[in-house]
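Everything below belongs to entry.txt, which stores compact mmCIF, C-alpha atoms.
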```txt
# COMPACT_ATOMS: atom_id res chain seq x y z
CA MET A 1 -21.07 31.05 1.58
CA SER A 2 -20.12 28.12 -0.69
CA THR A 3 -19.77 28.78 -4.40
CA LEU A 4 -20.89 25.20 -5.04
CA ASP A 5 -24.55 24.33 -5.48
CA ILE A 6 -25.00 22.43 -2.23
CA ARG A 7 -28.47 21.33 -3.30
CA VAL A 8 -26.71 18.84 -5.62
CA PRO A 9 -25.05 15.95 -3.76
CA ALA A 10 -22.02 13.99 -4.95
CA VAL A 11 -21.70 10.23 -5.27
CA LEU A 12 -18.16 8.81 -5.20
CA LEU A 13 -17.86 5.42 -6.89
CA ARG A 14 -14.90 3.09 -6.37
CA ILE A 15 -14.88 -0.59 -7.30
CA ASP A 16 -11.26 -1.24 -6.30
CA ARG A 17 -10.93 -2.76 -2.81
CA ASN A 18 -7.95 -0.70 -1.58
CA PRO A 19 -8.63 0.46 2.01
CA PHE A 20 -5.69 2.91 1.82
CA HIS A 21 -7.06 4.89 -1.14
CA HIS A 22 -6.42 8.39 0.17
CA GLY A 23 -7.78 9.98 -3.00
CA THR A 24 -11.30 9.00 -1.95
CA LEU A 25 -10.80 10.73 1.39
CA GLY A 26 -9.50 13.81 -0.42
CA ALA A 27 -12.67 14.00 -2.53
CA VAL A 28 -14.89 13.49 0.52
CA ARG A 29 -13.18 16.35 2.35
CA SER A 30 -13.03 18.70 -0.63
CA LEU A 31 -16.76 18.54 -1.32
CA GLY A 32 -17.89 18.04 2.27
CA ARG A 33 -16.09 21.19 3.44
CA ALA A 34 -17.98 23.13 0.77
CA GLY A 35 -21.29 21.91 2.20
CA VAL A 36 -22.04 19.22 -0.40
CA ASP A 37 -23.64 15.97 0.80
CA VAL A 38 -21.13 13.23 -0.09
CA HIS A 39 -22.22 9.64 -0.61
CA VAL A 40 -19.51 6.98 -0.93
CA VAL A 41 -20.15 3.81 -2.93
CA ALA A 42 -17.06 1.78 -2.04
CA ASP A 43 -15.82 -1.07 0.12
CA SER A 44 -15.16 1.27 3.04
CA ALA A 45 -16.07 -0.94 5.98
CA ALA A 46 -12.38 -1.31 6.94
CA SER A 47 -11.19 1.95 5.40
CA PRO A 48 -10.33 5.13 7.32
CA VAL A 49 -12.58 7.00 4.88
CA ARG A 50 -15.66 5.81 6.75
CA ALA A 51 -14.50 7.73 9.83
CA SER A 52 -14.61 11.10 8.08
CA ARG A 53 -17.19 13.52 9.44
CA PHE A 54 -17.79 14.70 5.87
CA VAL A 55 -19.28 11.39 4.68
CA ARG A 56 -23.04 11.72 4.42
CA GLN A 57 -23.68 8.01 3.82
CA LEU A 58 -21.82 4.84 2.84
CA HIS A 59 -23.31 2.43 0.28
CA PRO A 60 -22.19 -1.12 -0.64
CA PRO A 61 -20.24 -1.17 -3.91
CA PRO A 62 -20.59 -3.54 -6.86
CA PRO A 63 -18.30 -6.57 -6.58
CA PRO A 64 -14.93 -6.66 -8.39
CA GLY A 65 -15.43 -7.72 -11.99
CA ALA A 66 -19.10 -6.62 -11.95
CA SER A 67 -20.79 -6.23 -15.32
CA PRO A 68 -21.99 -2.79 -16.48
CA GLY A 69 -25.54 -3.96 -15.76
CA ASP A 70 -24.63 -4.87 -12.17
CA ILE A 71 -22.91 -1.51 -11.67
CA ALA A 72 -25.93 0.31 -13.09
CA ALA A 73 -28.22 -1.58 -10.71
CA VAL A 74 -26.12 -0.52 -7.71
CA LEU A 75 -26.10 3.11 -8.83
CA ARG A 76 -29.86 3.10 -9.38
CA ARG A 77 -30.37 1.83 -5.81
CA VAL A 78 -28.14 4.62 -4.52
CA ALA A 79 -29.99 7.18 -6.65
CA ALA A 80 -33.29 6.06 -5.13
CA ARG A 81 -31.89 6.69 -1.64
CA VAL A 82 -30.35 10.03 -2.54
CA ALA A 83 -33.66 11.03 -4.22
CA ARG A 84 -32.26 13.92 -6.26
CA PRO A 85 -29.83 14.33 -9.18
CA ALA A 86 -26.22 13.94 -8.08
CA VAL A 87 -22.76 14.50 -9.55
CA LEU A 88 -21.16 11.08 -10.09
CA ILE A 89 -17.39 10.97 -9.52
CA PRO A 90 -15.60 7.71 -10.41
CA MET A 91 -12.49 7.21 -8.27
CA ASP A 92 -10.81 4.33 -10.13
CA ASP A 93 -10.43 3.23 -13.76
CA ALA A 94 -13.06 0.50 -13.62
CA SER A 95 -15.60 2.99 -12.27
CA ALA A 96 -14.68 5.63 -14.85
CA ILE A 97 -15.07 3.13 -17.69
CA ALA A 98 -18.43 1.95 -16.39
CA ALA A 99 -19.67 5.51 -15.91
CA GLY A 100 -18.65 6.37 -19.47
CA ARG A 101 -20.55 3.43 -20.89
CA LEU A 102 -23.62 4.06 -18.72
CA ARG A 103 -23.86 7.87 -18.91
CA GLU A 104 -27.06 7.96 -20.95
CA ASP A 105 -28.65 5.11 -18.98
CA LEU A 106 -27.95 6.83 -15.67
CA ALA A 107 -29.35 10.23 -16.68
CA PRO A 108 -31.02 12.22 -15.24
CA ALA A 109 -30.23 10.66 -11.83
CA TYR A 110 -26.53 11.37 -12.29
CA LEU A 111 -24.62 14.27 -13.83
CA LEU A 112 -21.55 13.32 -15.89
CA PRO A 113 -19.38 15.12 -18.48
CA GLN A 114 -20.62 14.83 -22.06
CA GLN A 115 -18.12 12.96 -24.20
CA PRO A 116 -18.02 9.72 -26.21
CA GLY A 117 -18.87 6.89 -23.82
CA ALA A 118 -15.97 4.72 -25.00
CA LEU A 119 -13.32 7.42 -24.47
CA PRO A 120 -12.44 6.63 -20.82
CA GLU A 121 -11.85 2.99 -21.75
CA ARG A 122 -9.80 4.00 -24.78
CA VAL A 123 -7.31 6.07 -22.76
CA ALA A 124 -7.20 3.72 -19.75
CA ASP A 125 -6.32 0.72 -21.94
CA LYS A 126 -2.50 0.69 -22.09
CA ALA A 127 -2.37 -0.78 -25.60
CA ARG A 128 -4.84 1.72 -27.01
CA LEU A 129 -3.06 4.57 -25.22
CA ALA A 130 0.04 3.88 -27.29
CA GLU A 131 -2.08 4.32 -30.42
CA VAL A 132 -3.62 7.51 -29.01
CA CYS A 133 -0.16 8.96 -28.43
CA ALA A 134 0.96 8.00 -31.93
CA ALA A 135 -2.04 9.79 -33.46
CA ALA A 136 -1.59 12.90 -31.30
CA GLY A 137 2.19 13.10 -31.71
CA VAL A 138 2.80 12.72 -27.97
CA PRO A 139 5.99 10.83 -27.01
CA HIS A 140 5.36 7.36 -25.60
CA PRO A 141 7.83 4.56 -24.80
CA VAL A 142 8.28 1.96 -27.55
CA THR A 143 5.61 -0.66 -26.82
CA LEU A 144 5.34 -4.21 -28.16
CA VAL A 145 2.40 -6.61 -27.85
CA PRO A 146 3.65 -10.22 -28.07
CA ASP A 147 1.27 -12.92 -29.25
CA SER A 148 3.11 -15.90 -27.77
CA ALA A 149 5.48 -16.73 -24.93
CA ARG A 150 8.30 -17.04 -27.45
CA ASP A 151 7.51 -13.58 -28.84
CA ALA A 152 7.54 -12.17 -25.33
CA ALA A 153 11.02 -13.56 -24.66
CA ALA A 154 12.32 -12.31 -28.01
CA ALA A 155 10.82 -8.86 -27.48
CA THR A 156 13.14 -8.31 -24.51
CA GLY A 157 16.04 -8.57 -26.95
CA ARG A 158 14.56 -5.91 -29.17
CA LEU A 159 13.75 -3.53 -26.33
CA GLY A 160 16.76 -4.23 -24.14
CA LEU A 161 16.68 -5.31 -20.51
CA PRO A 162 15.24 -4.40 -18.11
CA VAL A 163 11.83 -4.06 -19.73
CA VAL A 164 8.54 -2.78 -18.34
CA ALA A 165 5.64 -5.25 -18.44
CA LYS A 166 2.05 -4.00 -18.22
CA TRP A 167 -1.35 -5.58 -18.54
CA SER A 168 -3.38 -3.74 -21.15
CA ARG A 169 -6.43 -3.47 -18.88
CA PRO A 170 -5.09 -3.52 -15.32
CA TRP A 171 -8.52 -3.10 -13.76
CA LEU A 172 -9.30 -6.66 -14.87
CA VAL A 173 -6.41 -8.21 -12.92
CA PRO A 174 -8.06 -10.30 -10.18
CA SER A 175 -7.21 -9.46 -6.60
CA GLY A 176 -5.29 -12.16 -4.77
CA SER A 177 -3.66 -13.41 -7.98
CA GLY A 178 -0.24 -12.02 -7.11
CA LEU A 179 -0.17 -10.21 -10.46
CA ARG A 180 0.72 -6.53 -10.50
CA SER A 181 -0.51 -4.05 -13.09
CA THR A 182 3.08 -3.01 -13.88
CA VAL A 183 6.35 -4.81 -13.18
CA LEU A 184 9.98 -4.47 -14.23
CA LEU A 185 11.36 -7.63 -15.88
CA ARG A 186 15.06 -8.40 -15.92
CA SER A 187 15.21 -11.54 -18.07
CA ALA A 188 13.63 -13.14 -21.11
CA ARG A 189 12.53 -16.02 -18.89
CA GLU A 190 10.49 -13.67 -16.72
CA ALA A 191 8.79 -12.26 -19.82
CA ARG A 192 7.98 -15.72 -21.11
CA GLU A 193 6.54 -16.86 -17.78
CA LEU A 194 4.49 -13.71 -17.31
CA TYR A 195 2.97 -14.04 -20.77
CA LEU A 196 1.70 -17.50 -19.85
CA ARG A 197 -0.52 -15.84 -17.22
CA SER A 198 -2.31 -13.62 -19.76
CA ALA A 199 -5.58 -15.54 -19.49
CA GLU A 200 -5.49 -15.15 -15.71
CA ALA A 201 -4.81 -11.40 -16.02
CA GLY A 202 -7.75 -10.91 -18.36
CA SER A 203 -6.01 -8.73 -20.95
CA PRO A 204 -2.96 -8.76 -23.26
CA LEU A 205 0.57 -8.32 -21.95
CA LEU A 206 2.51 -5.28 -23.15
CA LEU A 207 6.29 -4.97 -23.08
CA GLN A 208 7.63 -1.45 -23.03
CA ALA A 209 11.03 0.18 -23.30
CA PHE A 210 12.29 1.14 -19.86
CA LEU A 211 12.99 4.82 -19.21
CA PRO A 212 15.25 4.97 -16.14
CA PRO A 213 14.00 7.08 -13.23
CA GLY A 214 16.11 9.87 -11.83
CA PRO A 215 16.01 13.34 -10.31
CA ASP A 216 13.48 15.61 -12.03
CA ARG A 217 12.24 12.85 -14.36
CA ASP A 218 8.87 11.74 -12.92
CA TRP A 219 6.03 14.18 -13.51
CA PHE A 220 2.25 14.19 -13.41
CA PHE A 221 -0.52 16.48 -14.56
CA HIS A 222 -3.97 16.78 -13.00
CA GLY A 223 -6.71 18.80 -14.62
CA TYR A 224 -10.37 19.20 -15.43
CA ALA A 225 -11.47 19.65 -19.05
CA ASP A 226 -14.66 21.72 -18.88
CA ARG A 227 -17.68 21.69 -21.19
CA ALA A 228 -15.72 23.78 -23.72
CA GLY A 229 -12.68 21.50 -23.52
CA VAL A 230 -10.56 24.04 -21.64
CA LEU A 231 -8.25 22.64 -18.97
CA ARG A 232 -9.15 24.16 -15.62
CA ALA A 233 -7.88 23.65 -12.08
CA GLY A 234 -4.99 21.26 -11.47
CA GLY A 235 -1.53 21.69 -12.91
CA PRO A 236 1.84 19.97 -13.38
CA GLY A 237 3.66 18.36 -10.47
CA ARG A 238 6.92 16.58 -9.84
CA LYS A 239 7.07 13.23 -8.08
CA GLN A 240 9.75 13.58 -5.41
CA LEU A 241 9.24 10.21 -3.77
CA ALA A 242 7.37 7.14 -4.98
CA TRP A 243 6.18 4.03 -3.19
CA PRO A 244 7.61 1.58 -4.07
CA ARG A 245 10.75 3.61 -4.82
CA GLY A 246 11.34 4.29 -8.50
CA ALA A 247 7.80 3.25 -9.41
CA GLY A 248 4.33 3.29 -8.01
CA LEU A 249 2.19 5.97 -6.41
CA THR A 250 3.28 9.45 -5.39
CA ALA A 251 4.36 9.47 -1.74
CA VAL A 252 5.69 13.04 -1.94
CA GLY A 253 4.81 15.42 -4.76
CA ARG A 254 5.42 19.12 -5.42
CA TRP A 255 3.41 21.58 -7.51
CA THR A 256 5.99 22.66 -10.08
CA PRO A 257 5.33 24.81 -13.17
CA ASN A 258 6.24 23.00 -16.40
CA PRO A 259 5.04 24.51 -19.71
CA GLN A 260 6.07 21.39 -21.68
CA VAL A 261 3.98 19.03 -19.57
CA ARG A 262 0.99 21.39 -19.70
CA ALA A 263 1.28 21.71 -23.48
CA LEU A 264 1.25 17.91 -23.87
CA ALA A 265 -1.84 17.65 -21.66
CA GLU A 266 -3.62 20.33 -23.69
CA ARG A 267 -2.69 18.62 -26.95
CA LEU A 268 -4.06 15.29 -25.77
CA THR A 269 -7.36 16.63 -24.47
CA GLY A 270 -7.82 18.74 -27.58
CA GLU A 271 -7.15 15.87 -29.98
CA LEU A 272 -9.44 13.50 -28.09
CA GLY A 273 -12.25 15.90 -27.24
CA TYR A 274 -11.87 14.72 -23.66
CA ARG A 275 -14.17 16.14 -20.98
CA GLY A 276 -13.87 15.60 -17.25
CA ILE A 277 -11.13 14.94 -14.70
CA LEU A 278 -7.83 13.47 -15.84
CA ASP A 279 -4.58 12.33 -14.23
CA LEU A 280 -1.54 11.94 -16.52
CA ASP A 281 1.84 10.39 -15.66
CA PHE A 282 4.99 11.38 -17.55
CA ARG A 283 8.64 10.39 -17.42
CA ARG A 284 11.34 12.57 -18.92
CA CYS A 285 14.04 10.82 -20.94
CA GLY A 286 17.52 11.57 -19.60
CA ARG A 287 19.05 11.53 -23.09
CA THR A 288 16.60 13.57 -25.13
CA GLY A 289 14.73 15.55 -22.48
CA ARG A 290 11.39 14.56 -24.01
CA TYR A 291 8.44 13.85 -21.74
CA HIS A 292 6.85 10.46 -22.44
CA LEU A 293 3.27 9.77 -21.42
CA LEU A 294 3.13 6.60 -19.33
CA ASP A 295 -0.50 6.59 -18.13
CA PHE A 296 -3.78 8.40 -18.78
CA ASN A 297 -6.18 7.94 -15.88
CA PRO A 298 -9.71 9.19 -16.68
CA ARG A 299 -10.52 10.12 -13.06
CA PRO A 300 -8.98 12.00 -10.12
CA GLY A 301 -5.46 11.01 -9.17
CA ALA A 302 -4.93 10.13 -5.53
CA GLN A 303 -2.85 13.29 -4.94
CA PHE A 304 -5.27 15.70 -6.66
CA ARG A 305 -5.57 17.84 -3.53
CA LEU A 306 -1.99 19.01 -4.12
CA PHE A 307 -3.44 21.33 -6.76
CA THR A 308 -5.70 23.42 -4.55
CA ASP A 309 -5.34 27.04 -5.66
CA SER A 310 -5.79 30.31 -3.76
CA ALA A 311 -9.58 30.17 -4.33
CA GLY A 312 -9.81 26.63 -2.92
CA LEU A 313 -10.46 25.15 -6.37
CA ASP A 314 -9.35 21.60 -7.18
CA VAL A 315 -10.39 19.24 -9.97
CA VAL A 316 -13.24 17.67 -7.96
CA ARG A 317 -14.76 21.03 -7.11
CA ALA A 318 -14.26 22.15 -10.72
CA LEU A 319 -16.27 19.14 -11.93
CA HIS A 320 -19.12 19.85 -9.51
CA LEU A 321 -19.22 23.55 -10.40
CA ASP A 322 -19.14 22.93 -14.14
CA LEU A 323 -21.79 20.20 -14.18
CA THR A 324 -24.13 22.37 -12.09
CA HIS A 325 -23.51 25.34 -14.44
CA ARG A 326 -21.74 27.45 -11.85
CA PRO A 327 -18.74 29.66 -12.70
CA LEU A 328 -15.30 28.45 -11.68
CA PRO A 329 -13.41 30.98 -9.52
CA ASP A 330 -10.17 32.40 -10.89
CA GLY A 331 -7.70 31.47 -8.20
CA ALA A 332 -3.94 31.81 -8.40
CA PRO A 333 -1.69 28.73 -8.63
CA LEU A 334 0.36 27.89 -5.54
CA PRO A 335 3.64 26.48 -6.91
CA GLY A 336 5.89 24.86 -4.36
CA ARG A 337 2.98 23.36 -2.45
CA ARG A 338 3.59 19.73 -1.42
CA PHE A 339 1.51 16.62 -0.97
CA VAL A 340 2.64 13.90 1.45
CA VAL A 341 1.20 10.44 2.11
CA GLU A 342 2.15 9.92 5.74
CA ASN A 343 2.19 6.12 5.85
CA TYR A 344 4.63 5.98 2.91
CA ALA A 345 6.74 9.04 3.79
CA PRO A 346 6.40 9.75 7.53
CA LEU A 347 9.57 11.86 7.78
CA ALA A 348 8.48 14.11 4.90
CA ALA A 349 5.30 14.84 6.83
CA LEU A 350 7.38 16.32 9.64
CA ARG A 351 9.71 18.52 7.57
CA PRO A 352 9.03 22.26 7.16
CA ALA A 353 6.92 23.20 4.12
CA PRO A 354 7.28 26.96 3.57
CA HIS A 355 4.98 26.95 0.50
CA GLY A 356 2.24 24.89 2.13
CA ARG A 357 1.49 21.19 2.38
CA GLU A 358 -1.48 18.83 2.08
CA LEU A 359 -1.36 15.60 4.06
CA ALA A 360 -3.23 12.63 2.64
CA TRP A 361 -4.72 11.46 5.96
CA HIS A 362 -4.34 14.02 8.72
CA ALA A 363 -6.52 17.13 8.80
CA ALA A 364 -7.14 19.45 11.73
CA ASP A 365 -10.87 19.58 10.98
CA ASP A 366 -11.21 15.81 10.36
CA ARG A 367 -8.87 13.90 12.67
CA ALA A 368 -10.59 10.52 12.88
CA PRO A 369 -9.45 9.16 9.47
CA GLY A 370 -5.80 9.83 10.34
CA ARG A 371 -6.07 7.92 13.61
CA ALA A 372 -7.92 5.09 11.88
CA MET A 373 -5.27 4.93 9.14
CA TRP A 374 -2.40 4.44 11.60
CA ALA A 375 -4.26 1.68 13.43
CA LEU A 376 -5.04 -0.08 10.15
CA TRP A 377 -1.50 0.47 8.84
CA ALA A 378 0.01 -1.08 11.98
CA ARG A 379 -2.10 -4.22 11.47
CA HIS A 380 -1.18 -4.27 7.78
CA ALA A 381 2.55 -3.96 8.49
CA ALA A 382 2.41 -6.61 11.21
CA GLY A 383 0.66 -9.00 8.85
CA ARG A 384 3.29 -8.43 6.16
CA LEU A 385 6.11 -9.09 8.63
CA ALA A 386 4.45 -12.25 9.93
CA ALA A 387 4.07 -13.56 6.38
CA ARG A 388 7.80 -13.28 5.62
CA PRO A 389 9.75 -16.57 5.63
CA ARG A 390 12.28 -16.87 8.44
CA GLY A 391 15.53 -18.71 8.84
CA ARG A 392 16.20 -19.17 5.15
CA ALA A 393 18.14 -17.07 2.74
CA VAL A 394 16.16 -16.09 -0.29
CA PRO A 395 18.06 -17.11 -3.44
CA THR A 396 18.68 -14.39 -5.96
CA ALA A 397 17.74 -15.35 -9.49
CA ARG A 398 20.45 -14.75 -12.06
CA PRO A 399 19.21 -12.85 -15.11
CA GLU A 400 18.81 -15.06 -18.13
CA PRO A 401 20.72 -13.87 -21.21
CA ALA A 402 18.59 -12.06 -23.76
CA PRO A 403 17.56 -14.16 -26.76
CA GLY A 404 19.58 -13.97 -29.93
CA PRO A 405 18.65 -12.27 -33.18
CA VAL A 406 15.09 -13.54 -33.42
CA ARG A 407 12.35 -11.31 -34.82
CA PRO A 408 9.03 -11.98 -33.02
CA ALA A 409 6.53 -13.25 -35.52
CA GLY A 410 3.49 -11.62 -33.97
CA ALA A 411 4.63 -8.85 -31.65
CA ARG A 412 2.94 -5.61 -32.68
CA ASP A 413 4.87 -2.36 -32.33
CA LEU A 414 2.54 0.33 -30.96
CA SER A 415 5.18 3.02 -30.60
CA HIS A 416 4.76 6.36 -32.33
CA GLY A 417 8.48 6.58 -33.03
CA PRO A 418 10.72 4.59 -35.38
CA ALA A 419 9.22 1.32 -36.56
CA ALA A 420 10.61 -1.86 -35.04
CA GLY A 421 13.96 -2.38 -36.63
CA PRO A 422 15.54 -5.09 -38.73
CA ALA A 423 15.53 -8.78 -37.95
CA ASP A 424 18.26 -8.39 -35.33
CA GLY A 425 16.12 -5.99 -33.27
CA LEU A 426 16.18 -2.22 -32.81
CA THR A 427 19.49 -0.54 -33.51
CA ASP A 428 21.20 1.51 -30.81
CA ASP A 429 20.33 4.72 -32.67
CA GLU A 430 16.69 3.70 -32.88
CA LYS A 431 16.59 2.90 -29.18
CA ALA A 432 18.06 6.31 -28.38
CA SER A 433 15.66 8.15 -30.67
CA SER A 434 12.69 6.29 -29.22
CA CYS A 435 13.56 7.81 -25.85
```
Could the structure of this file be written out as structure tokens, please?
Amino acid sequence: MSTLDIRVPAVLLRIDRNPFHHGTLGAVRSLGRAGVDVHVVADSAASPVRASRFVRQLHPPPPPGASPGDIAAVLRRVAARVARPAVLIPMDDASAIAAGRLREDLAPAYLLPQQPGALPERVADKARLAEVCAAAGVPHPVTLVPDSARDAAAATGRLGLPVVAKWSRPWLVPSGSGLRSTVLLRSAREARELYLRSAEAGSPLLLQAFLPPGPDRDWFFHGYADRAGVLRAGGPGRKQLAWPRGAGLTAVGRWTPNPQVRALAERLTGELGYRGILDLDFRRCGRTGRYHLLDFNPRPGAQFRLFTDSAGLDVVRALHLDLTHRPLPDGAPLPGRRFVVENYAPLAALRPAPHGRELAWHAADDRAPGRAMWALWARHAAGRLAARPRGRAVPTARPEPAPGPVRPAGARDLSHGPAAGPADGLTDDEKASSC
């Protein structure tokens, strides 16, 4: 018999148009297997998620860039069809931010964690996250916010190349623009040109000190902060393979105990009064060993099913149990367990996994999404190959030298560490200490 209150359905909300979002499928399966009716509000017409036998009903999502009022209208229409209070689970940042703003307006049709409505937006915004880390004493890469193209070029000299470029509010980046939420820049010219697209991106450009990847350096933490603020379910994990390599989503991850990462997660949630599901990304500095917070996602991470304990508890089930006032079972962690996204790491899906493994798409009790994914992936890969230019060598751009000793007039330093240095940029000691 399920420990979840199956009288209370779940509504998954995703505004992002990614048909390969395996995290949505993970949430559908987790709750559906427990007997919960799962409604999906997402653009799933072409997604393998729609093939899952655990989906109760699909609903059209709000369009990209929808206003909070438009999102509320969609959710009210869904609530009318569901006809009973439901647990609302945002599956991307835009949905989490909207749900935070609309929590009081959506009650009592939807159950959501009680916390300040602006908090999800505060932690998802990359510029504000740097300030959050500074206030909480959590390491964060040195981050500059240029206020002109010239400042952006000069900031690369202060930070050192390569430099990480991020849009402060990546959920506002329009699809089809060719802009990516995060990119590694290797010249001052690239920084200058990217800054000129700020209006198109919809939010300020951030330039951040680059922490090189390496073995045992990329970590994540998934958890659920319950009504008392205690972190339940989830745990720390190590990213063993990313797609694209060296950056991007977790293609292969391993549940790995790490007291330092857990302590940082507990400090953050405690300082913020955060409630609900969270997904944190860390990178360990090779020189100092400190773990720097790179991202705070106020919703389930795509690989959250990695952290399924001996009682079958994960962060999505923890949310449903807590919001319906049911006790959370005390399961044992399962360190060593692996998560593999088959379309990004097919060989890893075939290797032995003595401590257990969760596949993103394939499941013995729900085979249709896996078959649908491979068919869709084949069309996707064929389209990418057909779009590649043929018969011409692609010229390699030579990195432009970093600008000279120019102090940016308006670039704000959001780092928690040493203040931006003298007029000739950060000193070598300051760069080392910031890592």
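Distances here use all atoms listed in the file; by that measure, the residue among A:Thr24, A:Arg7, A:Ala51, A:Asp105 closest to A:Ala372 is A:Ala51.
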Taking the point (0.4, -2.3, -17.0) as given in the file, collect each protein or nucleic acid residue that comes within 10 Å of it, counting all atoms listed in the file, and present the set as a list of chain:residue names. A:Asp125, A:Lys126, A:Ala127, A:Val164, A:Ala165, A:Lys166, A:Trp167, A:Ser168, A:Arg169, A:Pro170, A:Trp171, A:Val173, A:Arg180, A:Ser181, A:Thr182, A:Val183, A:Ser203, A:Pro204, A:Leu205, A:Leu206, A:Leu207, A:Gln208, A:Leu294, A:Asp295
Find the residues around stretch 100-103 of chain A up to 7 Å (only C-alpha atoms counted), leave out those fewer than 5 positions away in its own chain, and share them as a compact mmCIF listing (two decimals) with C-alpha atoms, in the frame of the given file.
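Saved as selection-v4.txt:
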```txt
# COMPACT_ATOMS: atom_id res chain seq x y z
CA LEU A 112 -21.55 13.32 -15.89
CA GLY A 117 -18.87 6.89 -23.82
CA ALA A 118 -15.97 4.72 -25.00
CA PRO A 120 -12.44 6.63 -20.82
```
Work out how far apart atom CA of A:Val316 and atom CA of A:Tyr224 are and give it in Å to one decimal.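 About the pair atom CA of A:Val316 and atom CA of A:Tyr224: they are 8.1 Å apart.
Candidate residues A:Leu313, A:Ala66, A:Ala27, A:Ala152 were compared for distance to A:Ser52, and the nearest is A:Ala27, using all atoms listed in the file.
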List as an MDAnalysis selection string the residues having at least one atom at most 12 Å from position (-7.2, 25.6, -1.4) as given in the file, counting only C-alpha atoms. chainID A and resid 29:31 33:34 233:234 304:317 329 331:334 337 356:358
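You can rank A:Pro61, A:Pro215, A:Pro389, A:Pro354 by their closest distance to A:Arg338 using all atoms listed in the file, and at the top of that list sits A:Pro354.
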Report, in Å with one decimal, the straight-line distance from atom CA of A:Pro19 to atom CA of A:Arg77. 23.1 Å
I want to know what sits within 6 Å of stretch 218-222 of chain A, based on only C-alpha atoms, with residues of the same chain fewer than 6 positions away left out; could you give that as a PyMOL selection string? chain A and resi 234-239+278-283
With only C-alpha atoms as the atoms that count, which of A:Phe210, A:Leu293, A:Asp366, A:Glu200 lies nearest to A:Pro162?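 Checking each candidate against A:Pro162, we get A:Phe210 as the closest.
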